[in-house]
Every structure is written in C-alpha cells, then in structure tokens.
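Visitor: Next up is a structure, given as structure tokens.
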Amino acid sequence: MSDHPVRILLLYTGGTIGMVMDMENESLIPFDFQYLLEKIPEIRQLDCHIDTDSLDRPIDSSNIKPEHWLRLARRIEQDYTQYDGFVILHGSDTMAYTASALSFLLKNLHKPVILTGSQLPIGVARSDARENLLTTIEIAMARRKDGLAMVPEVCVYFEYDLFRGNRVHKMSTEDFEAFNSMNYPKLAEAGVNIKFNNNYILNPPKEALKLGPAISTEVGVLTVFPGITQEFVKAVFSAPMKGLIIRSFGAGNIPMDPWLIEAIQEVMNKGIYVVDVSQCVGGGVALGKYEASKALKHMGVISAVDMTFEAALTKLMYLLPFGFGYDDFKKYYESDLRGELTGAQAGKALGLA
Ligand code: ASP
C-alpha cells in the first residue's frame with residue numbers, strides 16, 4: 001500500500017499506443033504492457049498511486065467484443081471502492097463503442113473512467129501517447145473543492161480534449177485530433193492548465209453504482225443508400241435479430257419506395273425494435289420533419305435523436321436484455337440515460353435502470 005492519497009487503476013487492452021512493428025509481416029502488432037510503462041517513466045512523477053493490469057493478450061481494438069465491455073465494467077465494479085479513478089488504454093478504432101457501452105453498463109457512476117490511446121506507437125519519437133496518457137491520469141486524479149471527482153463520467157481523452165464517452169466519434173485516421181463530439185461540448189481542454197467545462201459535466205448521483213445486466217448482440221444495421229435494392233434489404237431483414245438500426249439520410253429520411261416501408265413494417269410486426277439514426281455526425285433525427293420520414297414516424301419507429309451511431313448501437317444492445325414491451329422500450333430508448341442525447345426527458349424520471 002502506498003501513502004499517496006489518490007489511487008488510479010490503469011487497465012491496458014491494446015491498441016496502437018503499445019504496438020511495435022512486426023518486421024516479418026511489416027504490420028503493427030500489440031506488445032507487452034511493461035514495455036509501454038518503461039517508455040513513460042514520467043508516470044512515476046505523478047502524485048498518485050497507480051496499479052496496472054492488462055488483458056492476457058492485448059488486442060487491436062478492431063477485435064473488441066461485448067465480452068470485453070462486460071469484463072471491463074465488472075472489473076471497475078469489483079475494484080470500485082479501492083480506486084478514485086480508472087484509466088483504460090484502448091485502440092482508437094472502436095474506442096467510441098467501448099466508451100458508449102461502458103457509459104450504459106456503469107449506472108450511477110461517481111468516479112472517472114477515462115479511455116485514451118494514441119495515433120502513433122509509444123516507441124515512435126513523435127508519438128502522441130505520452131501526453132495522452134499523462135493528462136488522462138491527471139484528469140482521473142482531479143477533485144472538486146468538495147473532494148468529489150471532477151469528472152464522474154465515462155470519457156475519452158485525446159489530443160488535449162476531454163469528451164463525454166457516449167458523444168465521441170473517431171473522425172480521422174491521420175490527425176492527432178482523432179476524435180470529435182459534434183453534438184455536445186468538450187468536458188475539458190488541456191493547455192498549461194486543464195480547464196474543466198463544469199456546466200457540461202454530469203453531477204455525481206446519490207445512488208450506488210449499479211452494473212447493467214447484459215449486452216445483447218441480437219442486433220442488425222441497415223445503411224440506406226441511393227439505389228438500395230429490395231433483394232438486398234430482404235436479405236438483411238431475414239437475419240435473426242431483436243433490434244434493428246436504420247442508418248438514414250439527414251434528419252432521419254429514407255427512400256420513399258413503398259416496398260421499403262412495407263419491409264420495415266414487416267420487421268416491426270415481428271416484434272423487432274427499429275431505431276432510426278442519422279448518417280450525419282452533426283445534428284440528428286427529427287422524424288416527420290420531411291415527407292421522407294413521415295411513414296417511419298407513423299409506424300412508431302424509435303428515434304436516436306442526436307446520438308452518435310456508437311451510442312445508438314450500444315444503447316440498443318444494453319436495453320434489449322431488460323425485455324421491455326415496444327412502447328416502454330421506445331420511451332426508455334428516447335430518454336436521456338447517461339447524457340447521450342439532447343433535449344430528452346431524463347431516464348431517471350421514468351424510473352428506468
Ligand atoms: N487499429 C488500432 C486500434 O484500434 C488503431 C489505434 O489504436 O489507434 O487498436
């Protein structure tokens with residue numbers, strides 16, 4: 001045990017941050033966690049106690065599965081009282097999915113859970129890994145005057161910006177500024193000092209942390225595009241699923257072909273929950289605003305409002321295991337559970353988990 005007042009748990013899952021070049025295959029592969037820590041000795045200068053752990057085999061985040069989200073969430077629950085903050089090192093490719101999933105799974109969070117990674121591996125001279133990791137730990141350590149955590153949320157920190165985890169989207173494979181949050185302000189910006197945007201940060205709840213029961217993978221996604229054929233839609237809709245996301249144009253619009261509307265109605269008749277999320281990364285769905293979404297509104301299709309695709313998908317995966325009827329499901333899905341959408345009634349007011 002250390003006598004440092006603040007205790008942080010650093011969990012390593014993989015990603016570019018800890019990768020090295022495999023000369024044989026000429027591609028980046030995940031490397032040992034110890035290597036990563038040796039490359040950032042400054043970690044030891046931070047005024048906190050850090051414990052570390054990693055997946056047995058670190059992975060490229062393209063291989064992340066819902067089992068990993070559950071394992072991370074359970075680990076945080078299990079060690080919740082021992083630590084003041086949690087930092088997760090994760091590949092950037094699916095970081096927004098993991099952050100969104102954890103935000104739903106960890107209900108009533110009072111402590112920071114911050115994901116970060118890097119665009120260049122830690123061993124590369126120009127790597128962004130050092131700054132990303134050190135500032136993330138500092139943010140996880142930050143306290144308010146009353147001693148409570150400054151950011152009691154699941155967040156993503158990348159290139160001087162802290163975002164709400166269920167509001168971010170990976171925008172670039174090239175820029176160090178890999179992420180953005182189009183529909184919600186940054187929670188903090190790091191310069192010489194770290195400036196927290198307190199008005200946008202959630203307040204810690206009074207209730208105790210509660211872990212979501214499960215994550216369902218019985219979901220499907222249909223991205224509409226000009227020229228989409230009936231055969232293709234039929235093939236997608238014949239897959240087994242309990243929830244379907246339609247990635248629509250603009251404010252929730254889809255082609256007005258009667259066969260498409262009928263196919264969606266048939267899916268709904270089977271008891272499948274259908275959600276409309278926009279392909280646009282800024283703004284959101286406003287069902288009925290245009291004629292091309294009126295039919296969906298009349299049919300009772302669920303709106304993802306201004307959620308990111310990542311939040312819309314993981315919210316569907318999180319809510320399915322509760323087994324709600326269609327109307328309740330729609331009500332809960334369209335409500336604000338973890339700050340993931342704008343202007344909606346808080347899920348808490350509905351008494352939802
Ligand atoms: N492919 C990597 C991953 O997501 C990319 C990164 O870490 O930035 O694991």
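Residues in the structure tokens are named by chain (A, B, ... in the order shown) and by number from 1 within that chain; ligands are numbered from 1 in the order shown.
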Please list as a PyMOL selection string every residue within 12 Å of Gly191 (chain A), counting only C-alpha atoms and excluding residues in the same chain fewer than 5 positions away.
Guide: chain A and resi 131+135+159-162+196
Visitor: Just write the chosen residues, N, CA and C atoms, as a short mmCIF file (atom, residue, chain, number, x, y, z; two decimals), in the first residue's frame.
Guide:
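Everything below was put into result.cif:
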```
data_model
loop_
_atom_site.label_atom_id
_atom_site.label_comp_id
_atom_site.auth_asym_id
_atom_site.auth_seq_id
_atom_site.Cartn_x
_atom_site.Cartn_y
_atom_site.Cartn_z
N GLU A 131 1.64 12.37 -23.95
CA GLU A 131 0.75 13.44 -23.50
C GLU A 131 -0.64 12.86 -23.20
N THR A 135 -1.90 13.19 -19.28
CA THR A 135 -3.01 14.11 -18.98
C THR A 135 -4.25 13.32 -18.58
N GLU A 159 -5.59 14.15 -27.52
CA GLU A 159 -5.02 15.38 -28.10
C GLU A 159 -5.60 16.65 -27.47
N TYR A 160 -5.42 16.79 -26.18
CA TYR A 160 -5.77 17.99 -25.40
C TYR A 160 -7.26 18.17 -25.13
N ASP A 161 -8.12 17.26 -25.60
CA ASP A 161 -9.56 17.41 -25.39
C ASP A 161 -10.15 16.24 -24.63
N LEU A 162 -11.05 16.59 -23.68
CA LEU A 162 -11.79 15.54 -22.97
C LEU A 162 -13.24 15.58 -23.45
N PHE A 196 -11.78 22.76 -16.99
CA PHE A 196 -12.96 21.91 -16.98
C PHE A 196 -14.20 22.75 -17.29
#
```
Visitor: Mind listing the strand (DSSP E or B) residues of region 134-287 of chain A, per DSSP on the backbone, as a ChimeraX atom specification?
Guide: /A:143,149,154-158,161-164,169-170,179-180,188-190,194-196,210-211,219-223,243-249,253,273-278
Visitor: Hey, can you check how far CA of Phe33 (chain A) sits from CA of Leu55 (chain A)?
Guide: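 The value is 9.2 Å.
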Visitor: Could you go through region 97-309 of chain A and tell me which residues DSSP, when run on the backbone, assigns to alpha helix (DSSP H), listing them as a ChimeraX atom specification?
Guide: /A:97-105,129-141,230-237,258-269,291-299,309
Visitor: Could the residues in this selection be written to a file with N, CA and C atoms, as a short mmCIF file (atom, residue, chain, number, x, y, z; two decimals), in the first residue's frame?
Guide:
```
data_model
loop_
_atom_site.label_atom_id
_atom_site.label_comp_id
_atom_site.auth_asym_id
_atom_site.auth_seq_id
_atom_site.Cartn_x
_atom_site.Cartn_y
_atom_site.Cartn_z
N TYR A 97 -17.11 3.03 -29.27
CA TYR A 97 -18.07 1.96 -28.95
C TYR A 97 -17.88 1.52 -27.49
N THR A 98 -16.63 1.28 -27.11
CA THR A 98 -16.37 0.82 -25.75
C THR A 98 -16.78 1.88 -24.73
N ALA A 99 -16.46 3.16 -25.03
CA ALA A 99 -16.82 4.24 -24.11
C ALA A 99 -18.34 4.32 -23.98
N SER A 100 -19.06 4.20 -25.09
CA SER A 100 -20.52 4.28 -25.04
C SER A 100 -21.09 3.10 -24.25
N ALA A 101 -20.59 1.90 -24.55
CA ALA A 101 -21.10 0.71 -23.87
C ALA A 101 -20.86 0.81 -22.36
N LEU A 102 -19.66 1.25 -21.97
CA LEU A 102 -19.37 1.37 -20.53
C LEU A 102 -20.25 2.42 -19.87
N SER A 103 -20.55 3.49 -20.60
CA SER A 103 -21.40 4.54 -20.00
C SER A 103 -22.77 3.97 -19.66
N PHE A 104 -23.29 3.07 -20.50
CA PHE A 104 -24.60 2.48 -20.18
C PHE A 104 -24.48 1.40 -19.10
N LEU A 105 -23.44 0.59 -19.19
CA LEU A 105 -23.30 -0.51 -18.22
C LEU A 105 -23.05 -0.01 -16.81
N ALA A 129 1.36 9.50 -27.58
CA ALA A 129 0.98 8.62 -26.48
C ALA A 129 1.29 9.22 -25.11
N ARG A 130 2.47 9.83 -25.00
CA ARG A 130 2.92 10.32 -23.70
C ARG A 130 1.95 11.35 -23.15
N GLU A 131 1.64 12.37 -23.95
CA GLU A 131 0.75 13.44 -23.50
C GLU A 131 -0.64 12.86 -23.20
N ASN A 132 -1.12 12.04 -24.09
CA ASN A 132 -2.47 11.49 -23.89
C ASN A 132 -2.57 10.73 -22.57
N LEU A 133 -1.57 9.90 -22.29
CA LEU A 133 -1.65 9.08 -21.08
C LEU A 133 -1.46 9.93 -19.82
N LEU A 134 -0.44 10.80 -19.83
CA LEU A 134 -0.18 11.58 -18.60
C LEU A 134 -1.34 12.50 -18.27
N THR A 135 -1.90 13.19 -19.28
CA THR A 135 -3.01 14.11 -18.98
C THR A 135 -4.25 13.32 -18.58
N THR A 136 -4.47 12.17 -19.18
CA THR A 136 -5.63 11.36 -18.79
C THR A 136 -5.55 10.99 -17.31
N ILE A 137 -4.34 10.61 -16.87
CA ILE A 137 -4.20 10.25 -15.45
C ILE A 137 -4.44 11.49 -14.58
N GLU A 138 -3.93 12.64 -15.01
CA GLU A 138 -4.16 13.87 -14.22
C GLU A 138 -5.64 14.18 -14.12
N ILE A 139 -6.37 13.99 -15.22
CA ILE A 139 -7.82 14.28 -15.18
C ILE A 139 -8.52 13.27 -14.26
N ALA A 140 -8.09 12.02 -14.33
CA ALA A 140 -8.70 10.99 -13.46
C ALA A 140 -8.43 11.30 -11.98
N MET A 141 -7.32 12.01 -11.73
CA MET A 141 -6.97 12.36 -10.33
C MET A 141 -7.73 13.60 -9.84
N GLN A 230 -34.43 -4.02 -53.29
CA GLN A 230 -35.36 -4.80 -52.46
C GLN A 230 -34.72 -6.12 -52.03
N GLU A 231 -33.95 -6.73 -52.95
CA GLU A 231 -33.30 -8.02 -52.66
C GLU A 231 -32.32 -7.86 -51.51
N PHE A 232 -31.55 -6.78 -51.57
CA PHE A 232 -30.55 -6.56 -50.52
C PHE A 232 -31.24 -6.37 -49.16
N VAL A 233 -32.27 -5.52 -49.13
CA VAL A 233 -32.97 -5.25 -47.88
C VAL A 233 -33.60 -6.55 -47.35
N LYS A 234 -34.17 -7.33 -48.26
CA LYS A 234 -34.80 -8.60 -47.85
C LYS A 234 -33.76 -9.51 -47.18
N ALA A 235 -32.58 -9.56 -47.78
CA ALA A 235 -31.53 -10.42 -47.23
C ALA A 235 -31.12 -9.95 -45.83
N VAL A 236 -30.96 -8.62 -45.66
CA VAL A 236 -30.57 -8.08 -44.35
C VAL A 236 -31.66 -8.37 -43.31
N PHE A 237 -32.92 -8.15 -43.70
CA PHE A 237 -34.02 -8.29 -42.74
C PHE A 237 -34.33 -9.75 -42.41
N PRO A 258 -42.47 2.25 -51.70
CA PRO A 258 -43.42 1.51 -50.86
C PRO A 258 -42.88 0.16 -50.37
N TRP A 259 -42.07 -0.54 -51.20
CA TRP A 259 -41.57 -1.85 -50.78
C TRP A 259 -40.67 -1.74 -49.54
N LEU A 260 -39.95 -0.59 -49.43
CA LEU A 260 -39.06 -0.41 -48.28
C LEU A 260 -39.87 -0.17 -47.00
N ILE A 261 -40.90 0.68 -47.12
CA ILE A 261 -41.76 0.96 -45.96
C ILE A 261 -42.43 -0.35 -45.50
N GLU A 262 -42.92 -1.11 -46.49
CA GLU A 262 -43.58 -2.40 -46.14
C GLU A 262 -42.61 -3.36 -45.46
N ALA A 263 -41.38 -3.40 -45.98
CA ALA A 263 -40.39 -4.32 -45.39
C ALA A 263 -40.11 -3.93 -43.93
N ILE A 264 -40.03 -2.63 -43.67
CA ILE A 264 -39.76 -2.17 -42.28
C ILE A 264 -40.97 -2.50 -41.40
N GLN A 265 -42.18 -2.30 -41.94
CA GLN A 265 -43.39 -2.62 -41.17
C GLN A 265 -43.42 -4.11 -40.81
N GLU A 266 -43.03 -4.94 -41.78
CA GLU A 266 -43.00 -6.40 -41.52
C GLU A 266 -42.03 -6.75 -40.40
N VAL A 267 -40.88 -6.08 -40.41
CA VAL A 267 -39.89 -6.30 -39.35
C VAL A 267 -40.50 -5.93 -38.00
N MET A 268 -41.19 -4.78 -37.97
CA MET A 268 -41.80 -4.32 -36.70
C MET A 268 -42.91 -5.27 -36.26
N ASN A 269 -43.65 -5.80 -37.23
CA ASN A 269 -44.73 -6.75 -36.90
C ASN A 269 -44.19 -8.00 -36.20
N GLU A 291 -41.22 14.71 -45.63
CA GLU A 291 -42.15 13.66 -46.04
C GLU A 291 -41.45 12.29 -46.02
N ALA A 292 -40.13 12.31 -46.31
CA ALA A 292 -39.38 11.05 -46.42
C ALA A 292 -39.13 10.38 -45.06
N SER A 293 -39.67 10.94 -43.98
CA SER A 293 -39.59 10.20 -42.70
C SER A 293 -40.96 10.10 -42.03
N LYS A 294 -42.00 10.61 -42.70
CA LYS A 294 -43.35 10.62 -42.10
C LYS A 294 -43.85 9.20 -41.83
N ALA A 295 -43.62 8.31 -42.82
CA ALA A 295 -44.11 6.93 -42.67
C ALA A 295 -43.47 6.28 -41.45
N LEU A 296 -42.17 6.53 -41.25
CA LEU A 296 -41.46 5.93 -40.11
C LEU A 296 -42.07 6.42 -38.79
N LYS A 297 -42.39 7.72 -38.77
CA LYS A 297 -42.98 8.29 -37.56
C LYS A 297 -44.34 7.63 -37.27
N HIS A 298 -45.17 7.51 -38.30
CA HIS A 298 -46.50 6.90 -38.10
C HIS A 298 -46.40 5.45 -37.65
N MET A 299 -45.37 4.76 -38.14
CA MET A 299 -45.22 3.35 -37.78
C MET A 299 -44.70 3.17 -36.35
N PHE A 309 -23.71 7.07 -33.80
CA PHE A 309 -24.06 5.70 -34.15
C PHE A 309 -23.59 4.75 -33.04
#
```
Visitor: Could you jot down the CA of Lys111 (chain A) to CA of Val151 (chain A) separation for me, Å, one decimal place?
Guide: 6.9 Å
Visitor: What's around region 217-222 of chain A at 7 Å? Count only C-alpha atoms, leave out sequence neighbours fewer than 6 positions away in its own chain, and write the answer as a list in words.
Guide: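 Listing them by chain and then by number gives Met241, Lys242, Gly243, Leu244, Ile245, Ile246, Arg247 and Met317 of chain A.
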